[in-house]
file start-v5.txt (compact mmCIF, C-alpha atoms and all ligand atoms)
# COMPACT_ATOMS: atom_id res chain seq x y z
CA MET A 1 -67.47 -20.18 -16.04
CA ARG A 2 -65.54 -16.92 -16.62
CA HIS A 3 -62.30 -17.13 -18.60
CA LEU A 4 -59.61 -14.49 -19.17
CA ILE A 5 -58.79 -14.37 -22.89
CA VAL A 6 -55.09 -13.76 -23.53
CA PRO A 7 -52.70 -13.94 -26.49
CA SER A 8 -50.90 -17.28 -26.48
CA VAL A 9 -47.47 -15.72 -25.71
CA ASP A 10 -48.80 -14.09 -22.53
CA THR A 11 -50.46 -17.24 -21.15
CA GLN A 12 -47.73 -18.11 -18.62
CA ARG A 13 -47.49 -14.56 -17.23
CA TRP A 14 -51.26 -14.22 -16.80
CA PHE A 15 -51.62 -17.71 -15.40
CA GLU A 16 -49.05 -16.80 -12.71
CA VAL A 17 -50.95 -13.59 -11.86
CA ILE A 18 -54.23 -15.52 -11.62
CA LYS A 19 -52.74 -18.40 -9.63
CA SER A 20 -50.76 -16.28 -7.17
CA ASN A 21 -53.85 -14.19 -6.40
CA GLY A 22 -55.98 -17.27 -5.71
CA TRP A 23 -58.20 -16.58 -8.75
CA ALA A 24 -57.51 -19.86 -10.58
CA GLU A 25 -60.40 -22.31 -10.96
CA GLU A 26 -58.64 -25.39 -9.61
CA GLY A 27 -58.82 -28.54 -11.71
CA ILE A 28 -60.07 -26.81 -14.88
CA GLY A 29 -57.58 -26.54 -17.73
CA ILE A 30 -56.72 -23.67 -20.07
CA LEU A 31 -58.57 -23.75 -23.42
CA THR A 32 -57.49 -22.69 -26.90
CA THR A 33 -60.23 -20.62 -28.54
CA ASP A 34 -61.22 -20.86 -32.22
CA ASP A 35 -59.12 -17.78 -33.02
CA GLY A 36 -55.97 -19.23 -31.41
CA LEU A 37 -56.17 -17.24 -28.15
CA LYS A 38 -55.95 -18.86 -24.72
CA ALA A 39 -58.85 -18.91 -22.24
CA ILE A 40 -57.75 -19.15 -18.59
CA PRO A 41 -60.57 -20.18 -16.21
CA VAL A 42 -61.01 -17.87 -13.19
CA ASN A 43 -63.00 -18.46 -10.03
CA GLY A 44 -65.48 -16.35 -8.08
CA ASN A 45 -62.70 -14.52 -6.18
CA ALA A 46 -61.35 -12.97 -9.37
CA PRO A 47 -62.11 -9.24 -9.83
CA SER A 48 -65.04 -8.11 -11.98
CA ASP A 49 -64.77 -8.23 -15.78
CA SER A 50 -64.11 -4.48 -16.05
CA ASP A 51 -61.43 -4.32 -13.31
CA VAL A 52 -58.24 -2.49 -14.34
CA VAL A 53 -56.19 -5.47 -13.18
CA TRP A 54 -57.11 -7.21 -16.49
CA GLN A 55 -55.45 -4.38 -18.44
CA GLY A 56 -58.29 -4.23 -20.99
CA LEU A 57 -58.28 -7.97 -21.82
CA ASN A 58 -61.65 -9.66 -22.37
CA ILE A 59 -63.37 -11.95 -19.91
CA LYS A 60 -65.71 -14.46 -21.55
CA VAL A 61 -68.14 -16.92 -20.05
CA ILE A 62 -67.46 -20.35 -21.53
CA ALA A 63 -69.47 -23.40 -20.42
CA ARG A 64 -67.34 -26.20 -18.89
CA SER A 65 -68.42 -29.60 -17.70
CA ASP A 66 -70.01 -29.24 -14.23
CA ASN A 67 -69.08 -32.66 -12.99
CA VAL A 68 -65.38 -31.76 -13.05
CA ILE A 69 -65.87 -29.18 -10.30
CA LYS A 70 -66.08 -30.42 -6.79
CA HIS A 71 -66.22 -27.86 -4.04
CA TRP A 72 -64.65 -28.41 -0.63
CA THR A 73 -68.14 -28.05 0.91
CA ASP A 74 -69.09 -31.33 -0.84
CA LEU A 75 -66.63 -33.00 1.51
CA ILE A 76 -68.19 -32.00 4.83
CA ASP A 77 -71.23 -33.41 6.56
CA GLN A 78 -74.21 -32.12 4.55
CA GLU A 79 -76.42 -31.67 7.63
CA LEU A 80 -73.75 -29.53 9.26
CA LEU A 81 -73.36 -27.64 6.00
CA ALA A 82 -77.09 -26.87 5.89
CA GLU A 83 -76.97 -25.70 9.51
CA LEU A 84 -73.99 -23.40 8.95
CA ASP A 85 -74.92 -22.42 5.42
CA GLU A 86 -74.99 -18.62 5.65
CA PHE A 87 -71.72 -18.50 7.64
CA ILE A 88 -69.70 -20.86 5.45
CA PRO A 89 -66.69 -18.94 4.03
CA ARG A 90 -67.44 -18.09 0.39
CA SER A 91 -64.05 -16.72 -0.55
CA HIS A 92 -60.45 -17.27 0.36
CA GLU A 93 -57.06 -15.96 -0.57
CA LEU A 94 -54.08 -18.02 -1.64
CA ILE A 95 -50.64 -16.76 -0.58
CA GLY A 96 -47.96 -19.20 -1.76
CA ASP A 97 -49.15 -22.52 -0.34
CA ILE A 98 -51.19 -20.89 2.45
CA LEU A 99 -54.95 -20.54 2.16
CA VAL A 100 -56.32 -17.64 4.21
CA VAL A 101 -59.97 -17.84 5.20
CA LYS A 102 -62.23 -15.47 7.11
CA LEU A 103 -64.12 -17.55 9.64
CA GLU A 104 -67.28 -16.14 11.23
CA ASP A 105 -67.75 -16.86 14.95
CA GLU A 106 -70.55 -19.31 14.06
CA VAL A 107 -68.23 -21.63 12.07
CA TYR A 108 -65.09 -21.12 14.17
CA PRO A 109 -65.76 -24.24 16.34
CA TYR A 110 -65.78 -26.28 13.09
CA ARG A 111 -62.53 -24.78 11.80
CA GLU A 112 -60.67 -28.10 11.76
CA VAL A 113 -63.42 -29.86 9.79
CA ILE A 114 -63.48 -27.00 7.29
CA ALA A 115 -59.69 -26.90 7.06
CA SER A 116 -59.50 -30.68 6.45
CA ALA A 117 -62.05 -30.46 3.62
CA MET A 118 -60.19 -27.55 2.08
CA LEU A 119 -56.85 -29.39 2.24
CA GLU A 120 -58.41 -32.45 0.62
CA ARG A 121 -59.99 -30.45 -2.20
CA MET A 122 -57.00 -28.16 -2.88
CA PRO A 123 -53.83 -30.20 -3.42
CA ASN A 124 -51.64 -27.09 -3.85
CA VAL A 125 -52.45 -25.84 -0.35
CA ARG A 126 -50.20 -26.81 2.57
CA LEU A 127 -51.65 -24.72 5.39
CA ILE A 128 -55.04 -23.24 6.22
CA CYS A 129 -55.00 -20.03 8.28
CA ALA A 130 -57.78 -17.96 9.78
CA ASP A 131 -57.65 -14.29 8.87
CA LYS A 132 -57.58 -12.30 12.13
CA GLY A 133 -57.02 -8.87 10.62
CA VAL A 134 -53.77 -6.98 11.22
CA LYS A 135 -51.43 -6.71 14.20
CA GLY A 136 -48.48 -4.83 15.64
CA GLU A 137 -46.45 -1.76 14.90
CA PHE A 138 -45.97 -2.73 11.25
CA ARG A 139 -49.63 -3.65 10.78
CA VAL A 140 -48.78 -7.03 9.27
CA ARG A 141 -51.44 -9.69 8.82
CA ASN A 142 -52.53 -11.70 11.79
CA LEU A 143 -52.86 -15.25 10.47
CA GLN A 144 -53.83 -18.02 12.82
CA PRO A 145 -52.67 -21.42 11.53
CA ILE A 146 -55.47 -23.99 11.78
CA LYS A 147 -54.33 -27.12 9.99
CA ALA A 148 -51.37 -28.13 7.86
CA ARG A 149 -51.15 -30.99 5.38
CA ASP A 150 -47.80 -32.10 6.82
CA GLY A 151 -48.16 -30.79 10.38
CA ASP A 152 -45.85 -27.82 9.65
CA LEU A 153 -47.73 -24.74 10.87
CA SER A 154 -45.05 -22.30 9.72
CA THR A 155 -46.34 -19.32 7.71
CA LEU A 156 -43.06 -19.08 5.79
CA THR A 157 -43.87 -19.67 2.13
CA ARG A 158 -42.85 -18.92 -1.45
CA VAL A 159 -44.61 -17.09 -4.21
CA LYS A 160 -43.62 -17.42 -7.85
CA GLU A 161 -43.94 -14.20 -9.79
CA HIS A 162 -42.73 -13.33 -13.30
CA GLY A 163 -40.52 -16.44 -13.23
CA GLN A 164 -38.82 -15.64 -9.89
CA VAL A 165 -39.41 -17.04 -6.41
CA ILE A 166 -40.06 -14.63 -3.52
CA VAL A 167 -39.75 -16.01 0.03
CA ILE A 168 -42.37 -14.38 2.26
CA ASP A 169 -43.89 -14.70 5.69
CA PRO A 170 -47.22 -12.87 5.58
CA ASN A 171 -47.52 -13.25 9.37
CA LYS A 172 -44.33 -11.22 9.93
CA SER A 173 -43.95 -8.77 7.07
CA TYR A 174 -46.03 -7.12 4.38
CA PHE A 175 -46.51 -8.76 1.00
CA SER A 176 -49.32 -8.34 -1.51
CA THR A 177 -49.75 -10.59 -4.54
CA ARG A 178 -52.12 -7.94 -5.92
CA LEU A 179 -49.22 -5.60 -6.68
CA SER A 180 -47.68 -8.06 -9.14
CA THR A 181 -48.70 -5.96 -12.17
CA GLU A 182 -47.14 -2.87 -10.56
CA ARG A 183 -43.89 -4.78 -10.06
CA HIS A 184 -43.89 -5.78 -13.70
CA GLY A 185 -44.36 -2.06 -14.45
CA ASN A 186 -41.25 -1.27 -12.35
CA TYR A 187 -39.24 -3.72 -14.40
CA ILE A 188 -40.42 -2.26 -17.73
CA ALA A 189 -39.78 1.29 -16.47
CA ALA A 190 -36.28 0.35 -15.24
CA LYS A 191 -35.39 -1.14 -18.64
CA GLN A 192 -36.64 1.99 -20.40
CA LEU A 193 -34.64 4.27 -18.11
CA SER A 194 -31.48 2.18 -18.48
CA ASN A 195 -31.88 2.22 -22.30
CA GLN A 196 -32.44 5.96 -22.26
CA LEU A 197 -29.31 6.53 -20.14
CA SER A 198 -27.32 3.84 -22.03
CA ARG A 199 -25.98 2.45 -18.75
CA PRO A 200 -27.02 0.30 -15.78
CA ILE A 201 -29.04 2.25 -13.22
CA THR A 202 -28.98 2.74 -9.44
CA VAL A 203 -32.25 1.83 -7.76
CA CYS A 204 -33.49 2.68 -4.28
CA ASP A 205 -36.40 0.94 -2.53
CA PRO A 206 -36.39 2.22 1.08
CA TYR A 207 -39.74 0.53 1.88
CA ALA A 208 -38.78 -2.75 0.21
CA GLY A 209 -40.56 -5.20 2.52
CA VAL A 210 -39.18 -8.63 1.60
CA GLY A 211 -37.95 -7.22 -1.73
CA PRO A 212 -40.49 -8.40 -4.34
CA ALA A 213 -39.80 -5.37 -6.55
CA MET A 214 -36.17 -6.48 -6.86
CA ALA A 215 -36.98 -9.97 -8.21
CA GLY A 216 -37.15 -8.72 -11.80
CA LEU A 217 -34.62 -5.89 -11.49
CA LEU A 218 -31.70 -7.69 -9.85
CA THR A 219 -31.92 -10.95 -11.80
CA GLU A 220 -31.46 -9.18 -15.14
CA SER A 221 -27.77 -8.89 -15.96
CA GLY A 222 -26.62 -5.37 -16.84
CA LEU A 223 -29.77 -3.57 -15.73
CA VAL A 224 -28.78 -2.38 -12.23
CA ASP A 225 -25.33 -1.44 -10.89
CA ARG A 226 -26.31 -0.48 -7.34
CA ALA A 227 -29.34 -1.08 -5.10
CA LEU A 228 -30.14 0.74 -1.86
CA LEU A 229 -32.76 -1.32 -0.04
CA GLY A 230 -34.36 -1.26 3.35
CA ASP A 231 -37.34 -1.54 5.62
CA LEU A 232 -38.13 -0.52 9.17
CA ASN A 233 -39.46 -3.98 10.07
CA PRO A 234 -36.54 -6.28 11.11
CA SER A 235 -38.48 -9.43 10.12
CA ALA A 236 -38.94 -8.03 6.62
CA VAL A 237 -35.22 -7.19 6.40
CA GLU A 238 -34.29 -10.79 7.30
CA LEU A 239 -36.27 -12.13 4.34
CA LEU A 240 -35.15 -9.22 2.16
CA GLN A 241 -31.53 -10.30 2.69
CA GLN A 242 -32.39 -13.90 1.78
CA ASN A 243 -34.29 -12.94 -1.36
CA ILE A 244 -31.65 -10.48 -2.56
CA THR A 245 -28.83 -13.03 -2.12
CA LYS A 246 -30.78 -15.42 -4.35
CA TYR A 247 -31.50 -12.78 -7.01
CA LEU A 248 -27.87 -11.69 -7.11
CA SER A 249 -26.71 -15.27 -7.61
CA LYS A 250 -28.65 -15.33 -10.89
CA ASN A 251 -27.01 -12.16 -12.20
CA ASN A 252 -23.63 -12.25 -13.91
CA THR A 253 -22.85 -8.53 -13.72
CA PRO A 254 -21.57 -6.91 -10.49
CA ILE A 255 -24.12 -5.09 -8.34
CA THR A 256 -23.36 -3.22 -5.14
CA VAL A 257 -26.16 -3.72 -2.63
CA GLU A 258 -26.77 -1.87 0.63
CA ILE A 259 -29.52 -3.26 2.88
CA ARG A 260 -30.53 -1.28 5.95
CA CYS A 261 -33.16 -1.67 8.65
CA GLN A 262 -34.07 1.97 9.10
CA ASP A 263 -36.62 4.69 8.51
CA GLY A 264 -36.68 5.50 4.80
CA ARG A 265 -36.30 9.20 5.61
CA LYS A 266 -32.88 8.50 7.13
CA TRP A 267 -31.09 7.42 3.94
CA ARG A 268 -30.43 11.10 3.19
CA ASP A 269 -28.31 11.37 6.35
CA ILE A 270 -25.59 9.20 4.78
CA SER A 271 -23.84 11.49 2.35
CA GLU A 272 -22.50 8.73 0.08
CA PHE A 273 -26.10 7.88 -0.92
CA ASN A 274 -27.04 11.42 -1.90
CA HIS A 275 -27.35 12.31 -5.61
CA THR A 276 -26.90 8.66 -6.68
CA VAL A 277 -30.35 7.25 -7.42
CA ASP A 278 -31.82 6.93 -10.94
CA LEU A 279 -34.97 4.99 -10.01
CA LEU A 280 -36.70 5.45 -6.65
CA LEU A 281 -39.62 3.28 -5.49
CA VAL A 282 -41.83 4.64 -2.71
CA ASN A 283 -44.40 2.13 -1.53
CA LEU A 284 -45.68 3.40 1.79
CA PRO A 285 -49.20 4.21 0.64
CA HIS A 286 -50.43 6.16 3.67
CA ASP A 287 -47.26 8.30 3.84
CA THR A 288 -45.70 8.24 0.37
CA VAL A 289 -46.50 11.88 -0.39
CA SER A 290 -45.22 13.20 2.94
CA HIS A 291 -41.96 11.18 2.66
CA PHE A 292 -41.05 12.53 -0.82
CA ILE A 293 -39.34 15.60 0.56
CA ASP A 294 -36.85 13.50 2.56
CA LEU A 295 -36.14 11.25 -0.41
CA PHE A 296 -35.36 13.96 -3.01
CA PRO A 297 -31.74 14.38 -1.79
CA LEU A 298 -31.05 10.79 -2.90
CA MET A 299 -31.87 11.51 -6.55
CA ARG A 300 -29.06 11.88 -9.09
CA ARG A 301 -28.53 15.44 -10.35
CA ASN A 302 -28.41 16.62 -13.97
CA SER A 303 -29.59 13.27 -15.23
CA GLN A 304 -32.94 11.83 -16.25
CA SER A 305 -34.49 10.05 -13.26
CA LEU A 306 -37.73 8.30 -12.35
CA ILE A 307 -39.77 8.08 -9.16
CA ARG A 308 -42.59 5.53 -8.94
CA GLY A 309 -44.72 5.81 -5.81
CA TRP A 310 -48.02 4.37 -4.59
CA ALA A 311 -50.35 6.37 -2.39
CA ILE A 312 -53.77 6.25 -0.82
CA ILE A 313 -55.40 9.61 -1.32
CA ASP A 314 -58.80 11.20 -0.87
CA LYS A 315 -60.96 10.79 -3.99
CA THR A 316 -61.49 14.55 -3.92
CA GLU A 317 -57.72 14.97 -4.48
CA LEU A 318 -57.63 12.90 -7.69
CA GLN A 319 -57.93 15.98 -9.94
CA THR A 320 -55.41 18.11 -8.08
CA ILE A 321 -52.69 15.77 -6.83
CA SER A 322 -50.55 15.92 -10.00
CA SER A 323 -50.36 19.71 -9.99
CA ARG A 324 -49.71 19.79 -6.23
CA LEU A 325 -46.86 17.30 -6.61
CA ALA A 326 -45.54 19.14 -9.68
CA MET A 327 -45.11 22.21 -7.46
CA LEU A 328 -43.42 20.20 -4.71
CA PHE A 329 -41.01 18.62 -7.22
CA ALA A 330 -40.26 21.99 -8.87
CA ASP A 331 -39.54 23.54 -5.45
CA ASN A 332 -37.00 20.75 -4.95
CA GLY A 333 -35.14 21.28 -8.19
CA ALA A 334 -37.02 19.08 -10.67
CA THR A 335 -36.82 20.30 -14.28
CA ASN A 336 -38.07 18.77 -17.57
CA HIS A 337 -40.75 17.36 -15.34
CA SER A 338 -43.61 15.07 -16.34
CA ILE A 339 -45.83 13.50 -13.69
CA THR A 340 -48.86 11.21 -13.89
CA CYS A 341 -51.08 10.06 -11.10
CA ASP A 342 -53.28 7.11 -12.11
CA GLU A 343 -55.94 5.48 -10.02
CA ILE A 344 -55.25 1.76 -9.74
CA LYS A 345 -58.28 0.85 -7.67
CA GLY A 346 -60.77 2.24 -5.22
CA PHE A 347 -59.56 1.73 -1.67
CA SER A 348 -62.77 2.69 0.15
CA SER A 349 -65.79 4.78 -0.70
CA SER A 350 -63.80 7.97 -0.13
CA LYS A 351 -60.19 6.94 -0.87
CA SER A 352 -58.28 5.72 -3.92
CA PHE A 353 -55.05 3.82 -4.41
CA VAL A 354 -52.95 5.62 -7.03
CA ARG A 355 -49.66 5.16 -8.84
CA ILE A 356 -47.52 8.28 -9.08
CA GLU A 357 -44.96 8.23 -11.87
CA SER A 358 -42.60 11.15 -12.15
CA HIS A 359 -39.89 11.66 -14.78
CA GLN A 360 -37.55 14.58 -14.26
CA VAL A 361 -34.03 15.93 -14.19
CA PHE A 362 -33.08 17.22 -10.73
CA GLN A 363 -30.76 20.24 -10.77
C1 LIG A 401 -46.82 -1.27 1.73
S1 LIG A 401 -45.42 -2.11 2.34
C2 LIG A 401 -44.51 -2.29 0.84
C3 LIG A 401 -43.51 -3.38 0.92
C4 LIG A 401 -42.89 -3.77 -0.42
N1 LIG A 401 -42.38 -2.62 -1.13
C5 LIG A 401 -43.85 -4.55 -1.27
O1 LIG A 401 -44.30 -4.04 -2.30
O2 LIG A 401 -44.18 -5.69 -0.91
C6 LIG A 401 -44.56 -0.84 3.20
C7 LIG A 401 -43.32 -1.32 3.90
O3 LIG A 401 -42.70 -0.20 4.52
C8 LIG A 401 -42.23 -0.55 5.81
N2 LIG A 401 -42.15 0.71 6.56
C9 LIG A 401 -43.12 1.34 7.28
N3 LIG A 401 -42.68 2.53 7.71
C10 LIG A 401 -41.41 2.67 7.26
C11 LIG A 401 -40.44 3.67 7.35
N4 LIG A 401 -40.68 4.81 8.01
N5 LIG A 401 -39.24 3.47 6.77
C12 LIG A 401 -38.95 2.31 6.11
N6 LIG A 401 -39.86 1.32 5.98
C13 LIG A 401 -41.06 1.50 6.54
C14 LIG A 401 -43.20 -1.58 6.32
O4 LIG A 401 -42.59 -2.42 7.27
C15 LIG A 401 -43.57 -2.32 5.02
O5 LIG A 401 -42.76 -3.45 4.82

call {"tool": "encode", "arguments": {"input": "start-v5.txt", "output": "C-alpha cells"}}
result
Amino acid sequence: MRHLIVPSVDTQRWFEVIKSNGWAEEGIGILTTDDGLKAIPVNGNAPSDSDVVWQGLNIKVIARSDNVIKHWTDLIDQELLAELDEFIPRSHELIGDILVVKLEDEVYPYREVIASAMLERMPNVRLICADKGVKGEFRVRNLQPIKARDGDLSTLTRVKEHGQVIVIDPNKSYFSTRLSTERHGNYIAAKQLSNQLSRPITVCDPYAGVGPAMAGLLTESGLVDRALLGDLNPSAVELLQQNITKYLSKNNTPITVEIRCQDGRKWRDISEFNHTVDLLLVNLPHDTVSHFIDLFPLMRRNSQSLIRGWAIIDKTELQTISSRLAMLFADNGATNHSITCDEIKGFSSSKSFVRIESHQVFQ
C-alpha cells in the first residue's frame, strides 16, 4: 500500500489534505517509520507518486495486513458483482460527508444496493450521490442524491481544511478540495505581504465562491483589516456570508467586510474600493487573464501589492504568458514588477492549469 512520508509536525496538515480529497485508505492507521517520520496510507484515488500536489515528499510502498481491508464490493451479492464487474465504480470522490460516484448506465439500476454497501463500509460518509456532470449558468456540479445514512438527502456539508470548517453545497456552488494547497499558499503569501508592509492588509476576492480562501486569512487576528468579497452566483453568496460570519467571530481584531453578489469586473465602478487592495485573488480560470484589466483599478497605488490568479491556458502559451502579462501589467502602471506563472497540473492534453503570482507597485 502506498504511503505519503511526512515530517511528524506536518502530519495533521497532510492528513487533512488526504482525507478531504478522498485519498485516505479508510481503516488503516498512520505509521511511524524507523527514522521518526510519519507514513500516511493513501488509496488508489490519490495522485501518482510524482504529482506536484505532494510538494516533493516521498511516496513509499509499505506492506500492511490485507485482512484489515474490506472493500464495499465485498458487501454486495457476489453473483451480481461478477455480472457487473467491468462497470462497477472503481473510484469515488469524498466532499465533506458526501461520496460522489460515477455510475455507468449498466449499474444505475443497482444504485441503491451499491449505495447501501458503500454506506456500510464507509462510516464517515452520510450521503451517496451520483455524479451527473455539471449544470446551469454557473456550471456547478450536478449531484443526484441516491441514499443517505439518516434519510437526509441534503447536499449541504462541511469540509475541514487547515483547522477551519467551510460550509459548502457542491450542488449549488463551486468548491474544490483540490485547491487546498493553493489556499494555504494564499495564507503564507498574505502573511509575507503584511510583514513586508508592517500593517494588516486589504484583500479582495471577487470570485470567492463560498469563501474558502478566507478561512485562513480572516481567522488570523491582525492579518487583514478589510475584505472585499463577492460572487455572481447568489447561492454561493449565501454560504459565503455564513462562512465569513463564522471566521470573523474567531478574530479579535476589527475587519471591515463588504460582500456583494455581482460581476467581479463591476467592483471598479464603486469609487471607494479603488486603490485600496493589497492582495487580490482571481480564481476564474477560464477568464482570469481577460478580467485582470478591470481589476487593476482596485489595487493600492505606490505600495507593494500582490495578485494571485489561477488560469487555464493553452500549453503552447506556457513559455510566453509571463512576458505577455508583464507587458499588460506595465501598461497599467505596474513598476518593480516580478511575475511567475507556474503550471500546477495538466488540465487536458492541450491545456494547463497555472498559478499566476505577481508582485508589483502600481503607480
Ligand atoms: C473557480 S470558482 C472559484 C471559487 C472560489 N474562489 C474557490 O476557490 O472555491 C469561480 C467562481 O466565480 C464565480 N463567477 C463566475 N463568473 C463571475 C463573475 N463574472 N463575477 C464574479 N463571480 C463570478 C462562480 O460562481 C464561481 O463561484

call {"tool": "closest_residue", "arguments": {"input": "start-v5.txt", "among": "A:Gly209, A:Gly216, A:Pro254, A:Gly44", "to": "ligand LIG 401 (chain A)", "atoms": "only C-alpha atoms and all ligand atoms"}}
result
A:Gly209

call {"tool": "residues_near_point", "arguments": {"input": "start-v5.txt", "point": "(-63.1, -31.6, 11.0)", "cutoff": "12 Å", "atoms": "all atoms listed in the file", "output": "VMD selection string"}}
result
chain A and resid 73 75 to 77 80 107 to 120 146 to 147

call {"tool": "residues_near_ligand", "arguments": {"input": "start-v5.txt", "ligand": "ligand LIG 401 (chain A)", "cutoff": "9 Å", "atoms": "all atoms listed in the file", "output": "MDAnalysis selection string"}}
result
chainID A and resid 137:140 173:177 179:180 182:183 205:213 230:237 261:266 281:287 291 310

call {"tool": "write_last_selection", "arguments": {"input": "start-v5.txt", "atoms": "C-alpha atoms", "output": "PDB file, in the coordinates of the input"}}
result
ATOM      1  CA  GLU A 137     -46.450  -1.760  14.900  1.00  0.00           C
ATOM      2  CA  PHE A 138     -45.970  -2.730  11.250  1.00  0.00           C
ATOM      3  CA  ARG A 139     -49.630  -3.650  10.780  1.00  0.00           C
ATOM      4  CA  VAL A 140     -48.780  -7.030   9.270  1.00  0.00           C
ATOM      5  CA  SER A 173     -43.950  -8.770   7.070  1.00  0.00           C
ATOM      6  CA  TYR A 174     -46.030  -7.120   4.380  1.00  0.00           C
ATOM      7  CA  PHE A 175     -46.510  -8.760   1.000  1.00  0.00           C
ATOM      8  CA  SER A 176     -49.320  -8.340  -1.510  1.00  0.00           C
ATOM      9  CA  THR A 177     -49.750 -10.590  -4.540  1.00  0.00           C
ATOM     10  CA  LEU A 179     -49.220  -5.600  -6.680  1.00  0.00           C
ATOM     11  CA  SER A 180     -47.680  -8.060  -9.140  1.00  0.00           C
ATOM     12  CA  GLU A 182     -47.140  -2.870 -10.560  1.00  0.00           C
ATOM     13  CA  ARG A 183     -43.890  -4.780 -10.060  1.00  0.00           C
ATOM     14  CA  ASP A 205     -36.400   0.940  -2.530  1.00  0.00           C
ATOM     15  CA  PRO A 206     -36.390   2.220   1.080  1.00  0.00           C
ATOM     16  CA  TYR A 207     -39.740   0.530   1.880  1.00  0.00           C
ATOM     17  CA  ALA A 208     -38.780  -2.750   0.210  1.00  0.00           C
ATOM     18  CA  GLY A 209     -40.560  -5.200   2.520  1.00  0.00           C
ATOM     19  CA  VAL A 210     -39.180  -8.630   1.600  1.00  0.00           C
ATOM     20  CA  GLY A 211     -37.950  -7.220  -1.730  1.00  0.00           C
ATOM     21  CA  PRO A 212     -40.490  -8.400  -4.340  1.00  0.00           C
ATOM     22  CA  ALA A 213     -39.800  -5.370  -6.550  1.00  0.00           C
ATOM     23  CA  GLY A 230     -34.360  -1.260   3.350  1.00  0.00           C
ATOM     24  CA  ASP A 231     -37.340  -1.540   5.620  1.00  0.00           C
ATOM     25  CA  LEU A 232     -38.130  -0.520   9.170  1.00  0.00           C
ATOM     26  CA  ASN A 233     -39.460  -3.980  10.070  1.00  0.00           C
ATOM     27  CA  PRO A 234     -36.540  -6.280  11.110  1.00  0.00           C
ATOM     28  CA  SER A 235     -38.480  -9.430  10.120  1.00  0.00           C
ATOM     29  CA  ALA A 236     -38.940  -8.030   6.620  1.00  0.00           C
ATOM     30  CA  VAL A 237     -35.220  -7.190   6.400  1.00  0.00           C
ATOM     31  CA  CYS A 261     -33.160  -1.670   8.650  1.00  0.00           C
ATOM     32  CA  GLN A 262     -34.070   1.970   9.100  1.00  0.00           C
ATOM     33  CA  ASP A 263     -36.620   4.690   8.510  1.00  0.00           C
ATOM     34  CA  GLY A 264     -36.680   5.500   4.800  1.00  0.00           C
ATOM     35  CA  ARG A 265     -36.300   9.200   5.610  1.00  0.00           C
ATOM     36  CA  LYS A 266     -32.880   8.500   7.130  1.00  0.00           C
ATOM     37  CA  LEU A 281     -39.620   3.280  -5.490  1.00  0.00           C
ATOM     38  CA  VAL A 282     -41.830   4.640  -2.710  1.00  0.00           C
ATOM     39  CA  ASN A 283     -44.400   2.130  -1.530  1.00  0.00           C
ATOM     40  CA  LEU A 284     -45.680   3.400   1.790  1.00  0.00           C
ATOM     41  CA  PRO A 285     -49.200   4.210   0.640  1.00  0.00           C
ATOM     42  CA  HIS A 286     -50.430   6.160   3.670  1.00  0.00           C
ATOM     43  CA  ASP A 287     -47.260   8.300   3.840  1.00  0.00           C
ATOM     44  CA  HIS A 291     -41.960  11.180   2.660  1.00  0.00           C
ATOM     45  CA  TRP A 310     -48.020   4.370  -4.590  1.00  0.00           C
TER      46      TRP A 310
END

call {"tool": "closest_residue", "arguments": {"input": "start-v5.txt", "among": "A:Gln55, A:Asn45, A:Ser350, A:Asn171", "to": "Pro89 of chain A", "atoms": "all atoms listed in the file"}}
result
A:Asn45

call {"tool": "residues_around", "arguments": {"input": "start-v5.txt", "residues": "Ala311 of chain A", "least_positions_apart": "3", "cutoff": "12 Å", "atoms": "all atoms listed in the file", "output": "PyMOL selection string"}}
result
chain A and resi 281-292+308+314-315+317-318+321+341-347+351-357

call {"tool": "residues_around", "arguments": {"input": "start-v5.txt", "residues": "segment 154-162 of chain A", "least_positions_apart": "4", "cutoff": "9 Å", "atoms": "all atoms listed in the file", "output": "JSON, numbers by chain"}}
result
{"A": [12, 13, 16, 17, 20, 95, 96, 97, 98, 127, 129, 143, 145, 148, 166, 167, 168, 169, 170, 171, 172, 177, 180, 184, 212, 215, 216]}

call {"tool": "atom_distance", "arguments": {"input": "start-v5.txt", "atom1": "atom CA of Ile59 of chain A", "atom2": "atom CA of Leu4 of chain A"}}
result
4.6 Å

call {"tool": "residues_near_point", "arguments": {"input": "start-v5.txt", "point": "(-28.8, -8.6, -17.0)", "cutoff": "12 Å", "atoms": "all atoms listed in the file", "output": "compact mmCIF listing (two decimals) with C-alpha atoms, keeping the file's coordinate frame"}}
result
# COMPACT_ATOMS: atom_id res chain seq x y z
CA TYR A 187 -39.24 -3.72 -14.40
CA ALA A 190 -36.28 0.35 -15.24
CA LYS A 191 -35.39 -1.14 -18.64
CA SER A 194 -31.48 2.18 -18.48
CA ARG A 199 -25.98 2.45 -18.75
CA PRO A 200 -27.02 0.30 -15.78
CA ILE A 201 -29.04 2.25 -13.22
CA GLY A 216 -37.15 -8.72 -11.80
CA LEU A 217 -34.62 -5.89 -11.49
CA LEU A 218 -31.70 -7.69 -9.85
CA THR A 219 -31.92 -10.95 -11.80
CA GLU A 220 -31.46 -9.18 -15.14
CA SER A 221 -27.77 -8.89 -15.96
CA GLY A 222 -26.62 -5.37 -16.84
CA LEU A 223 -29.77 -3.57 -15.73
CA VAL A 224 -28.78 -2.38 -12.23
CA ASP A 225 -25.33 -1.44 -10.89
CA TYR A 247 -31.50 -12.78 -7.01
CA LEU A 248 -27.87 -11.69 -7.11
CA SER A 249 -26.71 -15.27 -7.61
CA LYS A 250 -28.65 -15.33 -10.89
CA ASN A 251 -27.01 -12.16 -12.20
CA ASN A 252 -23.63 -12.25 -13.91
CA THR A 253 -22.85 -8.53 -13.72
CA PRO A 254 -21.57 -6.91 -10.49
CA ILE A 255 -24.12 -5.09 -8.34

call {"tool": "residues_around", "arguments": {"input": "start-v5.txt", "residues": "Trp14 of chain A", "least_positions_apart": "2", "cutoff": "12 Å", "atoms": "only C-alpha atoms", "output": "PyMOL selection string"}}
result
chain A and resi 3-12+16-21+23-24+30+38-42+53-55+57+161-163+180-181+184

call {"tool": "atom_distance", "arguments": {"input": "start-v5.txt", "atom1": "atom CA of Lys246 of chain A", "atom2": "atom CA of Val165 of chain A"}}
result
9.0 Å

call {"tool": "atom_distance", "arguments": {"input": "start-v5.txt", "atom1": "atom CA of Ser348 of chain A", "atom2": "atom CA of Asp51 of chain A"}}
result
15.2 Å
